[in-house]
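> My structure is in target31.csv, and what it holds is CSV, C-alpha atoms:
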chain,number,residue,atom,x,y,z
D,1,MET,CA,7.8,1.2,25.3
D,2,LYS,CA,8.0,-1.8,23.1
D,3,ALA,CA,8.5,-1.9,19.3
D,4,VAL,CA,9.1,-4.3,16.5
D,5,GLN,CA,12.5,-3.8,14.9
D,6,ILE,CA,14.1,-5.4,11.9
D,7,VAL,CA,17.7,-5.4,13.0
D,8,LYS,CA,18.9,-6.7,9.7
D,9,PRO,CA,17.4,-8.9,6.9
D,10,GLY,CA,15.8,-12.0,8.5
D,11,GLU,CA,16.3,-10.8,12.1
D,12,LEU,CA,13.2,-9.4,13.9
D,13,HIS,CA,13.2,-8.4,17.6
D,14,ILE,CA,10.8,-6.9,20.1
D,15,ILE,CA,12.8,-4.1,21.5
D,16,GLU,CA,12.5,-1.5,24.3
D,17,MET,CA,12.8,2.1,23.2
D,18,GLU,CA,12.1,5.5,24.7
D,19,LYS,CA,8.6,6.7,24.5
D,20,PRO,CA,8.5,9.8,22.2
D,21,VAL,CA,7.5,13.2,23.5
D,22,ILE,CA,5.9,15.9,21.4
D,23,ASP,CA,7.8,18.9,20.3
D,24,GLU,CA,7.3,21.9,18.0
D,25,THR,CA,7.5,19.8,14.8
D,26,ASN,CA,6.1,16.4,16.0
D,27,ASN,CA,3.3,17.9,17.9
D,28,VAL,CA,0.8,15.0,18.1
D,29,LEU,CA,1.4,11.9,20.3
D,30,ILE,CA,-0.5,8.9,19.0
D,31,ARG,CA,-1.1,5.6,20.9
D,32,MET,CA,-1.0,2.9,18.2
D,33,THR,CA,-3.9,0.5,17.9
D,34,ALA,CA,-3.4,-1.2,14.5
D,35,ALA,CA,-0.7,-1.5,11.8
D,36,GLY,CA,-0.8,-3.5,8.6
D,37,ILE,CA,1.8,-5.8,7.1
D,38,CYS,CA,2.4,-4.8,3.5
D,39,GLY,CA,4.5,-6.6,0.8
D,40,SER,CA,7.1,-3.9,1.3
D,41,ASP,CA,7.3,-4.6,5.0
D,42,ARG,CA,8.0,-8.3,4.1
D,43,GLY,CA,10.6,-7.1,1.6
D,44,ILE,CA,12.4,-5.2,4.4
D,45,TYR,CA,12.3,-8.2,6.6
D,46,HIS,CA,13.7,-10.4,3.8
D,47,GLY,CA,16.2,-7.8,2.6
D,48,THR,CA,14.6,-7.4,-0.8
D,49,ASN,CA,13.4,-3.8,-0.4
D,50,ALA,CA,16.1,-1.7,-1.9
D,51,ALA,CA,14.8,1.5,-0.2
D,52,ALA,CA,15.1,0.3,3.4
D,53,THR,CA,17.7,1.1,5.9
D,54,TYR,CA,18.6,-0.9,9.0
D,55,PRO,CA,18.0,-1.3,11.9
D,56,ARG,CA,14.4,-0.1,11.4
D,57,VAL,CA,11.1,-0.1,13.3
D,58,ILE,CA,8.9,-0.8,10.3
D,59,GLY,CA,5.2,-0.3,9.6
D,60,HIS,CA,3.8,2.4,7.4
D,61,GLU,CA,0.0,1.5,7.5
D,62,MET,CA,-0.5,3.2,10.9
D,63,VAL,CA,-3.7,3.7,12.9
D,64,GLY,CA,-4.0,5.0,16.4
D,65,VAL,CA,-5.7,7.3,18.9
D,66,VAL,CA,-4.4,10.8,19.7
D,67,GLU,CA,-3.1,10.9,23.3
D,68,GLU,CA,-1.6,14.4,23.5
D,69,VAL,CA,-1.3,17.5,21.4
D,70,GLY,CA,1.0,20.5,21.5
D,71,PRO,CA,0.2,24.2,21.6
D,72,GLY,CA,-1.7,25.5,18.6
D,73,VAL,CA,-2.7,22.1,17.3
D,74,SER,CA,-6.2,22.4,15.8
D,75,ARG,CA,-6.5,19.6,13.3
D,76,VAL,CA,-6.9,16.8,15.9
D,77,LYS,CA,-7.6,16.5,19.7
D,78,PRO,CA,-7.0,13.8,22.3
D,79,GLY,CA,-9.3,10.9,21.8
D,80,ASP,CA,-9.5,11.3,18.0
D,81,ARG,CA,-8.9,8.1,15.9
D,82,VAL,CA,-6.4,8.8,13.1
D,83,ILE,CA,-4.4,7.3,10.3
D,84,VAL,CA,-0.9,8.7,9.7
D,85,ASP,CA,0.6,9.7,6.4
D,86,GLN,CA,3.8,7.8,5.9
D,87,VAL,CA,5.6,10.3,3.5
D,88,THR,CA,7.9,13.0,4.8
D,89,ALA,CA,9.5,15.4,2.2
D,90,CYS,CA,11.9,18.3,2.1
D,91,GLY,CA,9.6,20.7,0.2
D,92,THR,CA,12.4,22.3,-1.8
D,93,CYS,CA,13.9,19.8,-4.3
D,94,TYR,CA,12.9,19.5,-7.9
D,95,ALA,CA,10.2,16.8,-7.3
D,96,CYS,CA,8.7,18.8,-4.4
D,97,ARG,CA,8.6,22.0,-6.4
D,98,LYS,CA,6.8,20.0,-9.1
D,99,GLY,CA,4.2,19.0,-6.6
D,100,ARG,CA,5.4,15.4,-6.3
D,101,PRO,CA,6.7,15.0,-2.7
D,102,ASN,CA,6.1,11.3,-2.8
D,103,VAL,CA,9.3,11.1,-4.9
D,104,CYS,CA,11.2,13.8,-3.0
D,105,GLY,CA,15.0,13.7,-3.6
D,106,ASN,CA,15.3,13.6,0.2
D,107,LEU,CA,12.4,11.3,0.8
D,108,LYS,CA,12.0,9.7,4.2
D,109,VAL,CA,9.2,7.2,4.6
D,110,ARG,CA,8.0,6.2,8.0
D,111,GLY,CA,8.8,2.5,8.5
D,112,VAL,CA,11.4,2.5,5.7
D,113,HIS,CA,13.9,5.3,6.1
D,114,ILE,CA,12.8,6.4,9.6
D,115,ASP,CA,11.0,4.5,12.3
D,116,GLY,CA,7.4,3.7,11.6
D,117,GLY,CA,4.3,2.4,13.3
D,118,TYR,CA,5.2,-1.0,14.8
D,119,ARG,CA,5.5,0.5,18.3
D,120,GLN,CA,3.2,1.5,21.1
D,121,TRP,CA,3.5,5.3,20.6
D,122,MET,CA,4.7,7.7,17.9
D,123,ALA,CA,4.9,11.5,17.6
D,124,VAL,CA,4.1,13.1,14.2
D,125,PRO,CA,3.1,16.6,12.9
D,126,GLU,CA,-0.6,17.3,13.0
D,127,ASN,CA,-0.7,17.8,9.2
D,128,ASP,CA,0.1,14.1,8.8
D,129,CYS,CA,-2.9,13.0,10.8
D,130,TYR,CA,-6.3,12.2,9.2
D,131,LEU,CA,-9.5,11.6,11.2
D,132,LEU,CA,-11.1,8.3,10.7
D,133,PRO,CA,-14.9,7.9,9.9
D,134,ASP,CA,-16.8,6.6,12.9
D,135,HIS,CA,-18.2,3.5,11.1
D,136,ILE,CA,-14.8,1.9,10.3
D,137,SER,CA,-12.8,-0.2,12.8
D,138,ASP,CA,-9.2,0.5,13.5
D,139,VAL,CA,-8.2,-2.9,11.9
D,140,ASP,CA,-10.1,-2.1,8.7
D,141,ALA,CA,-8.9,1.5,8.7
D,142,VAL,CA,-5.4,0.2,8.0
D,143,LEU,CA,-6.5,-0.4,4.4
D,144,ILE,CA,-7.0,3.3,3.9
D,145,GLU,CA,-3.2,3.5,3.3
D,146,PRO,CA,-3.1,1.0,0.4
D,147,THR,CA,-6.2,2.7,-0.9
D,148,THR,CA,-4.2,5.9,-1.2
D,149,ILE,CA,-1.6,3.9,-3.2
D,150,ALA,CA,-4.3,2.8,-5.6
D,151,ILE,CA,-5.6,6.3,-6.0
D,152,GLN,CA,-2.1,7.5,-6.8
D,153,CYS,CA,-1.7,4.7,-9.3
D,154,CYS,CA,-4.9,5.6,-11.1
D,155,ALA,CA,-4.0,9.2,-11.2
D,156,ARG,CA,-0.6,8.5,-12.7
D,157,ALA,CA,-2.3,6.2,-15.2
D,158,GLU,CA,-4.7,8.9,-16.2
D,159,ILE,CA,-7.5,6.3,-16.4
D,160,GLU,CA,-10.5,7.1,-18.6
D,161,ALA,CA,-13.9,5.6,-19.1
D,162,GLU,CA,-13.0,4.2,-22.5
D,163,ASP,CA,-10.0,2.2,-21.0
D,164,THR,CA,-9.9,-1.6,-20.8
D,165,VAL,CA,-7.9,-2.4,-17.7
D,166,LEU,CA,-5.9,-5.4,-16.8
D,167,ILE,CA,-4.8,-5.7,-13.1
D,168,MET,CA,-2.1,-8.3,-12.5
D,169,GLY,CA,-2.4,-9.5,-8.9
D,170,ALA,CA,-5.5,-9.8,-6.7
D,171,GLY,CA,-4.0,-9.6,-3.2
D,172,ALA,CA,-4.4,-6.7,-0.8
D,173,LEU,CA,-2.9,-4.1,-3.3
D,174,GLY,CA,-4.7,-5.5,-6.3
D,175,SER,CA,-8.1,-5.5,-4.6
D,176,ARG,CA,-7.6,-1.9,-3.5
D,177,ILE,CA,-6.7,-1.0,-7.1
D,178,LEU,CA,-9.8,-2.8,-8.3
D,179,SER,CA,-12.0,-0.8,-6.0
D,180,VAL,CA,-10.5,2.5,-7.2
D,181,VAL,CA,-10.5,1.6,-10.9
D,182,LYS,CA,-14.2,0.7,-10.6
D,183,LEU,CA,-14.9,4.4,-9.6
D,184,HIS,CA,-13.8,5.4,-13.1
D,185,HIS,CA,-16.2,3.1,-14.8
D,186,PRO,CA,-13.8,1.7,-17.5
D,187,ALA,CA,-15.2,-0.3,-20.4
D,188,LYS,CA,-13.8,-3.5,-18.9
D,189,ILE,CA,-11.8,-4.7,-15.9
D,190,ILE,CA,-9.8,-7.9,-16.1
D,191,VAL,CA,-7.9,-9.3,-13.1
D,192,ALA,CA,-5.1,-12.0,-13.3
D,193,ASP,CA,-3.9,-14.1,-10.4
D,194,ILE,CA,-2.8,-17.6,-9.5
D,195,ASP,CA,-5.3,-18.1,-6.8
D,196,ASP,CA,-8.9,-19.1,-7.5
D,197,ALA,CA,-10.4,-17.7,-4.3
D,198,LYS,CA,-8.8,-14.3,-5.0
D,199,LEU,CA,-10.1,-14.4,-8.6
D,200,GLU,CA,-13.6,-15.3,-7.3
D,201,ALA,CA,-13.4,-12.3,-4.9
D,202,ALA,CA,-12.4,-10.1,-7.8
D,203,LEU,CA,-15.4,-11.1,-9.8
D,204,LYS,CA,-17.6,-10.5,-6.8
D,205,ASN,CA,-16.1,-7.1,-6.3
D,206,GLY,CA,-16.6,-5.8,-9.9
D,207,ALA,CA,-14.1,-7.4,-12.3
D,208,ASP,CA,-15.7,-8.3,-15.6
D,209,ALA,CA,-13.3,-11.2,-16.3
D,210,VAL,CA,-10.4,-13.1,-14.7
D,211,ILE,CA,-7.3,-14.9,-15.9
D,212,ARG,CA,-5.6,-17.7,-14.0
D,213,SER,CA,-2.1,-16.5,-14.8
D,214,ASP,CA,-0.3,-19.7,-14.0
D,215,ARG,CA,-2.4,-21.7,-16.3
D,216,GLU,CA,-3.3,-19.3,-19.1
D,217,ASP,CA,-1.2,-17.1,-21.4
D,218,VAL,CA,-2.0,-13.7,-19.9
D,219,ALA,CA,-1.2,-11.7,-23.0
D,220,GLN,CA,-3.2,-14.0,-25.4
D,221,ARG,CA,-6.2,-14.2,-23.1
D,222,ALA,CA,-6.2,-10.5,-22.4
D,223,LYS,CA,-6.3,-9.8,-26.1
D,224,GLU,CA,-9.2,-12.2,-26.5
D,225,LEU,CA,-11.1,-10.4,-23.8
D,226,THR,CA,-10.5,-7.1,-25.5
D,227,ASP,CA,-11.6,-8.0,-29.1
D,228,GLY,CA,-8.0,-8.7,-30.1
D,229,TYR,CA,-6.6,-5.2,-29.3
D,230,GLY,CA,-5.2,-5.7,-25.8
D,231,PRO,CA,-5.9,-3.7,-22.6
D,232,THR,CA,-5.3,0.0,-22.9
D,233,LEU,CA,-4.2,0.2,-19.2
D,234,CYS,CA,-2.2,-2.6,-17.5
D,235,ILE,CA,-1.3,-2.4,-13.8
D,236,ASP,CA,1.3,-4.6,-12.1
D,237,ALA,CA,0.0,-5.2,-8.6
D,238,ALA,CA,1.8,-8.6,-8.5
D,239,CYS,CA,5.4,-7.3,-9.0
D,240,VAL,CA,6.9,-10.7,-9.4
D,241,LYS,CA,9.4,-12.0,-11.9
D,242,GLY,CA,7.9,-11.9,-15.4
D,243,SER,CA,4.8,-9.9,-14.5
D,244,LEU,CA,5.9,-6.7,-16.1
D,245,LEU,CA,6.9,-8.4,-19.4
D,246,SER,CA,3.5,-10.2,-19.5
D,247,LEU,CA,1.8,-6.8,-19.2
D,248,LEU,CA,3.9,-5.2,-21.8
D,249,GLN,CA,3.1,-8.0,-24.2
D,250,ALA,CA,-0.6,-7.8,-23.3
D,251,ALA,CA,-1.0,-4.1,-23.6
D,252,GLY,CA,-2.7,-2.6,-26.7
D,253,ASN,CA,-1.0,0.0,-29.0
D,254,ALA,CA,-0.7,3.4,-27.3
D,255,GLY,CA,-1.5,1.9,-23.9
D,256,ARG,CA,-0.1,2.5,-20.5
D,257,VAL,CA,1.6,0.1,-18.2
D,258,MET,CA,2.0,0.9,-14.5
D,259,THR,CA,4.9,-0.5,-12.4
D,260,MET,CA,4.7,-0.5,-8.6
D,261,GLY,CA,7.3,-3.1,-7.5
D,262,PHE,CA,10.6,-2.5,-5.7
D,263,SER,CA,12.5,-5.6,-6.6
D,264,THR,CA,16.1,-5.1,-7.9
D,265,SER,CA,16.3,-8.6,-9.2
D,266,PRO,CA,17.1,-8.7,-13.0
D,267,ASP,CA,14.1,-9.5,-15.2
D,268,GLU,CA,13.5,-9.8,-18.9
D,269,ILE,CA,12.4,-6.7,-20.8
D,270,ASN,CA,12.9,-5.9,-24.4
D,271,GLN,CA,12.6,-2.5,-26.1
D,272,PHE,CA,10.7,-3.8,-29.1
D,273,VAL,CA,7.6,-4.6,-27.1
D,274,ILE,CA,7.5,-1.0,-25.8
D,275,THR,CA,8.6,0.9,-28.8
D,276,SER,CA,6.6,-1.0,-31.4
D,277,LYS,CA,3.4,-0.2,-29.6
D,278,GLU,CA,4.6,3.2,-28.3
D,279,LEU,CA,3.6,2.2,-24.8
D,280,ASP,CA,3.9,4.6,-21.8
D,281,VAL,CA,5.5,2.7,-18.9
D,282,ARG,CA,5.0,4.7,-15.7
D,283,GLY,CA,6.1,4.2,-12.2
D,284,SER,CA,3.8,4.9,-9.3
D,285,ARG,CA,5.3,5.2,-5.8
D,286,LEU,CA,3.6,5.7,-2.5
D,287,GLN,CA,0.9,8.5,-2.7
D,288,ASN,CA,0.9,12.2,-3.2
D,289,ARG,CA,-1.3,13.7,-0.5
D,290,ARG,CA,-4.1,11.2,-1.2
D,291,PHE,CA,-5.2,10.4,2.4
D,292,GLY,CA,-8.0,13.1,2.5
D,293,GLU,CA,-9.4,11.7,-0.8
D,294,ALA,CA,-9.3,8.1,0.5
D,295,VAL,CA,-10.9,9.0,3.8
D,296,GLU,CA,-13.7,10.8,2.0
D,297,LEU,CA,-14.3,7.7,-0.2
D,298,VAL,CA,-14.6,5.6,2.9
D,299,LYS,CA,-16.7,8.1,4.7
D,300,ASN,CA,-19.2,8.3,1.8
D,301,HIS,CA,-19.3,4.5,1.5
D,302,ALA,CA,-17.9,4.8,-2.1
D,303,ILE,CA,-15.3,2.2,-1.1
D,304,ASP,CA,-16.0,-0.6,1.4
D,305,LEU,CA,-12.9,-1.9,3.3
D,306,SER,CA,-14.7,-4.5,5.4
D,307,GLY,CA,-13.8,-8.1,4.9
D,308,GLU,CA,-10.4,-7.4,3.4
D,309,VAL,CA,-8.3,-8.2,6.6
D,310,SER,CA,-7.9,-12.0,6.7
D,311,HIS,CA,-5.7,-12.3,9.8
D,312,THR,CA,-4.7,-10.3,12.9
D,313,PHE,CA,-1.8,-10.9,15.4
D,314,SER,CA,-0.6,-9.0,18.4
D,315,TYR,CA,2.4,-6.9,17.6
D,316,LEU,CA,4.2,-8.9,20.2
D,317,ASP,CA,3.7,-11.9,17.9
D,318,ALA,CA,5.1,-10.1,14.9
D,319,GLN,CA,7.5,-12.9,14.1
D,320,ALA,CA,4.7,-15.4,14.0
D,321,ALA,CA,2.8,-13.0,11.7
D,322,PHE,CA,5.6,-12.7,9.2
D,323,ASP,CA,6.2,-16.5,9.3
D,324,PHE,CA,2.5,-17.0,8.6
D,325,ALA,CA,2.6,-14.6,5.7
D,326,ASP,CA,5.6,-16.5,4.2
D,327,ASN,CA,4.1,-20.0,4.7
D,328,HIS,CA,0.4,-19.3,3.9
D,329,ALA,CA,0.6,-16.9,1.0
D,330,ASN,CA,-2.5,-18.2,-0.7
D,331,GLU,CA,-4.6,-17.7,2.5
D,332,VAL,CA,-3.5,-14.2,3.2
D,333,ARG,CA,-5.2,-11.1,2.0
D,334,LYS,CA,-4.1,-8.6,4.7
D,335,ILE,CA,-2.5,-9.2,8.1
D,336,VAL,CA,-2.9,-6.5,10.7
D,337,LEU,CA,-0.9,-6.2,14.0
D,338,THR,CA,-2.9,-5.0,16.9
D,339,PHE,CA,-1.8,-3.2,20.1
D,340,ASP,CA,-3.4,-4.1,23.4
D,341,THR,CA,-5.1,-1.1,25.0
D,342,GLU,CA,-4.2,-2.1,28.6
D,343,GLU,CA,-0.6,-2.8,27.7
D,344,SER,CA,-0.2,0.7,26.2
D,345,LYS,CA,-1.4,2.6,29.3
Can you present the structure in this file as structure tokens?


Amino acid sequence: MKAVQIVKPGELHIIEMEKPVIDETNNVLIRMTAAGICGSDRGIYHGTNAAATYPRVIGHEMVGVVEEVGPGVSRVKPGDRVIVDQVTACGTCYACRKGRPNVCGNLKVRGVHIDGGYRQWMAVPENDCYLLPDHISDVDAVLIEPTTIAIQCCARAEIEAEDTVLIMGAGALGSRILSVVKLHHPAKIIVADIDDAKLEAALKNGADAVIRSDREDVAQRAKELTDGYGPTLCIDAACVKGSLLSLLQAAGNAGRVMTMGFSTSPDEINQFVITSKELDVRGSRLQNRRFGEAVELVKNHAIDLSGEVSHTFSYLDAQAAFDFADNHANEVRKIVLTFDTEESK
């Protein structure tokens, strides 16, 4: 079978690899139909994702059709459309015992530490498969995975109705966070970004106010929009140089600031801005068994994923897709790689 492999940073190849077979553990064989390109996938390609190992078949936003199941499998059957959980954990370390397998001490993420979904077939345990609602396309269903990331972030943030929320970044991740934040009915939602079209979309999708972050002082404007206090919850969905400090400066006293980035590049942070306001700075990584919740939200039409995918490419044109993402950043909301049905037979 064919797969997309990052051999080393900056070097992407379409390779031939052996088609997987099911066994006692990986007892469901899936024919892939769609897989998203995430910012972390681009980080692996460019060598800026500190968690990645090489060479690696990447892709952790994975949708496909069940082709074969092993004995005793009851959760799915051949022909079912599914999305695959990307997290694998040991189940015994401190984090796992505390119910946080998404930060397992022996964490293996599909597409990061072990091979992921940019290939024609993959075999996984049945418990990592989640049935897709009939009304959603395979391409749009890719966005269920970033929705789980948004659900995890809001859970870690302990969002409440009295919160005023500032989301930095209105791309694929920021828009998913906005959709989940809305479900908590906070007092106000502010979105900051450098792209007018994305800010217009944020207003259309429920933001109360927007900030053009490359033209306005984010901290000052956020305080103006919150009666001088500052947002009580700030979420960094941009994860670029300076974004965290801007949110720390913007946050109101006793507020929370959520970090989600994986960059190891040095950035400016000072203790005074955290200590003086007694801020809680919390990381949010991956998701902690959130797929069932995300699928239910989609199934019940509480969240609409349509219209979020801006571009699709064949997985065989993965190089062109990554180049396009690099060269047309302002045009891209979400790129999805698709797998030709006839080719996979």

> Identify the residues around (8.7, -5.4, 4.9) within a radius of 12 Å, measuring from only C-alpha atoms in the coordinates stated by the file, and give them as a PDB file with C-alpha atoms, in the coordinates of the input.


ATOM      1  CA  VAL D   4       9.100  -4.300  16.500  1.00  0.00           C
ATOM      2  CA  GLN D   5      12.500  -3.800  14.900  1.00  0.00           C
ATOM      3  CA  ILE D   6      14.100  -5.400  11.900  1.00  0.00           C
ATOM      4  CA  LYS D   8      18.900  -6.700   9.700  1.00  0.00           C
ATOM      5  CA  PRO D   9      17.400  -8.900   6.900  1.00  0.00           C
ATOM      6  CA  GLY D  10      15.800 -12.000   8.500  1.00  0.00           C
ATOM      7  CA  GLU D  11      16.300 -10.800  12.100  1.00  0.00           C
ATOM      8  CA  LEU D  12      13.200  -9.400  13.900  1.00  0.00           C
ATOM      9  CA  GLY D  36      -0.800  -3.500   8.600  1.00  0.00           C
ATOM     10  CA  ILE D  37       1.800  -5.800   7.100  1.00  0.00           C
ATOM     11  CA  CYS D  38       2.400  -4.800   3.500  1.00  0.00           C
ATOM     12  CA  GLY D  39       4.500  -6.600   0.800  1.00  0.00           C
ATOM     13  CA  SER D  40       7.100  -3.900   1.300  1.00  0.00           C
ATOM     14  CA  ASP D  41       7.300  -4.600   5.000  1.00  0.00           C
ATOM     15  CA  ARG D  42       8.000  -8.300   4.100  1.00  0.00           C
ATOM     16  CA  GLY D  43      10.600  -7.100   1.600  1.00  0.00           C
ATOM     17  CA  ILE D  44      12.400  -5.200   4.400  1.00  0.00           C
ATOM     18  CA  TYR D  45      12.300  -8.200   6.600  1.00  0.00           C
ATOM     19  CA  HIS D  46      13.700 -10.400   3.800  1.00  0.00           C
ATOM     20  CA  GLY D  47      16.200  -7.800   2.600  1.00  0.00           C
ATOM     21  CA  THR D  48      14.600  -7.400  -0.800  1.00  0.00           C
ATOM     22  CA  ASN D  49      13.400  -3.800  -0.400  1.00  0.00           C
ATOM     23  CA  ALA D  50      16.100  -1.700  -1.900  1.00  0.00           C
ATOM     24  CA  ALA D  51      14.800   1.500  -0.200  1.00  0.00           C
ATOM     25  CA  ALA D  52      15.100   0.300   3.400  1.00  0.00           C
ATOM     26  CA  THR D  53      17.700   1.100   5.900  1.00  0.00           C
ATOM     27  CA  TYR D  54      18.600  -0.900   9.000  1.00  0.00           C
ATOM     28  CA  ARG D  56      14.400  -0.100  11.400  1.00  0.00           C
ATOM     29  CA  VAL D  57      11.100  -0.100  13.300  1.00  0.00           C
ATOM     30  CA  ILE D  58       8.900  -0.800  10.300  1.00  0.00           C
ATOM     31  CA  GLY D  59       5.200  -0.300   9.600  1.00  0.00           C
ATOM     32  CA  HIS D  60       3.800   2.400   7.400  1.00  0.00           C
ATOM     33  CA  GLU D  61       0.000   1.500   7.500  1.00  0.00           C
ATOM     34  CA  GLY D 111       8.800   2.500   8.500  1.00  0.00           C
ATOM     35  CA  VAL D 112      11.400   2.500   5.700  1.00  0.00           C
ATOM     36  CA  HIS D 113      13.900   5.300   6.100  1.00  0.00           C
ATOM     37  CA  GLY D 116       7.400   3.700  11.600  1.00  0.00           C
ATOM     38  CA  TYR D 118       5.200  -1.000  14.800  1.00  0.00           C
ATOM     39  CA  PHE D 262      10.600  -2.500  -5.700  1.00  0.00           C
ATOM     40  CA  ALA D 318       5.100 -10.100  14.900  1.00  0.00           C
ATOM     41  CA  GLN D 319       7.500 -12.900  14.100  1.00  0.00           C
ATOM     42  CA  ALA D 321       2.800 -13.000  11.700  1.00  0.00           C
ATOM     43  CA  PHE D 322       5.600 -12.700   9.200  1.00  0.00           C
ATOM     44  CA  ALA D 325       2.600 -14.600   5.700  1.00  0.00           C
ATOM     45  CA  ASP D 326       5.600 -16.500   4.200  1.00  0.00           C
TER      46      ASP D 326
END

> Quick one: everything within 7 Å of Ala219 of chain D, counting only C-alpha atoms, minus sequence neighbours fewer than 3 positions away in the same chain. Send it as a list in words.

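Contacts, in chain order: Ala222, Lys223, Ser246, Leu247, Gln249 and Ala250 of chain D.
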
> I'd like the neighbourhood of Ala34 of chain D as a list in words, where a residue qualifies if any of its atoms comes within 8 Å (using all atoms listed in the file), though same-chain residues fewer than 3 positions away should be ignored.

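My list of contacting residues is Met62, Val63, Gly64, Asp138, Val139, Val142, Val336, Leu337, Thr338 and Phe339 of chain D.
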
> Grab the atom CA of Glu158 of chain D to atom CA of Cys234 of chain D distance for me, in Å with one decimal place.

11.8 Å

> Skipping near chain neighbours, those fewer than 4 positions away, what residues fall within 6 Å of segment 193-204 of chain D using all atoms listed in the file, listed as a PyMOL selection string?

chain D and resi 169-170+212-214
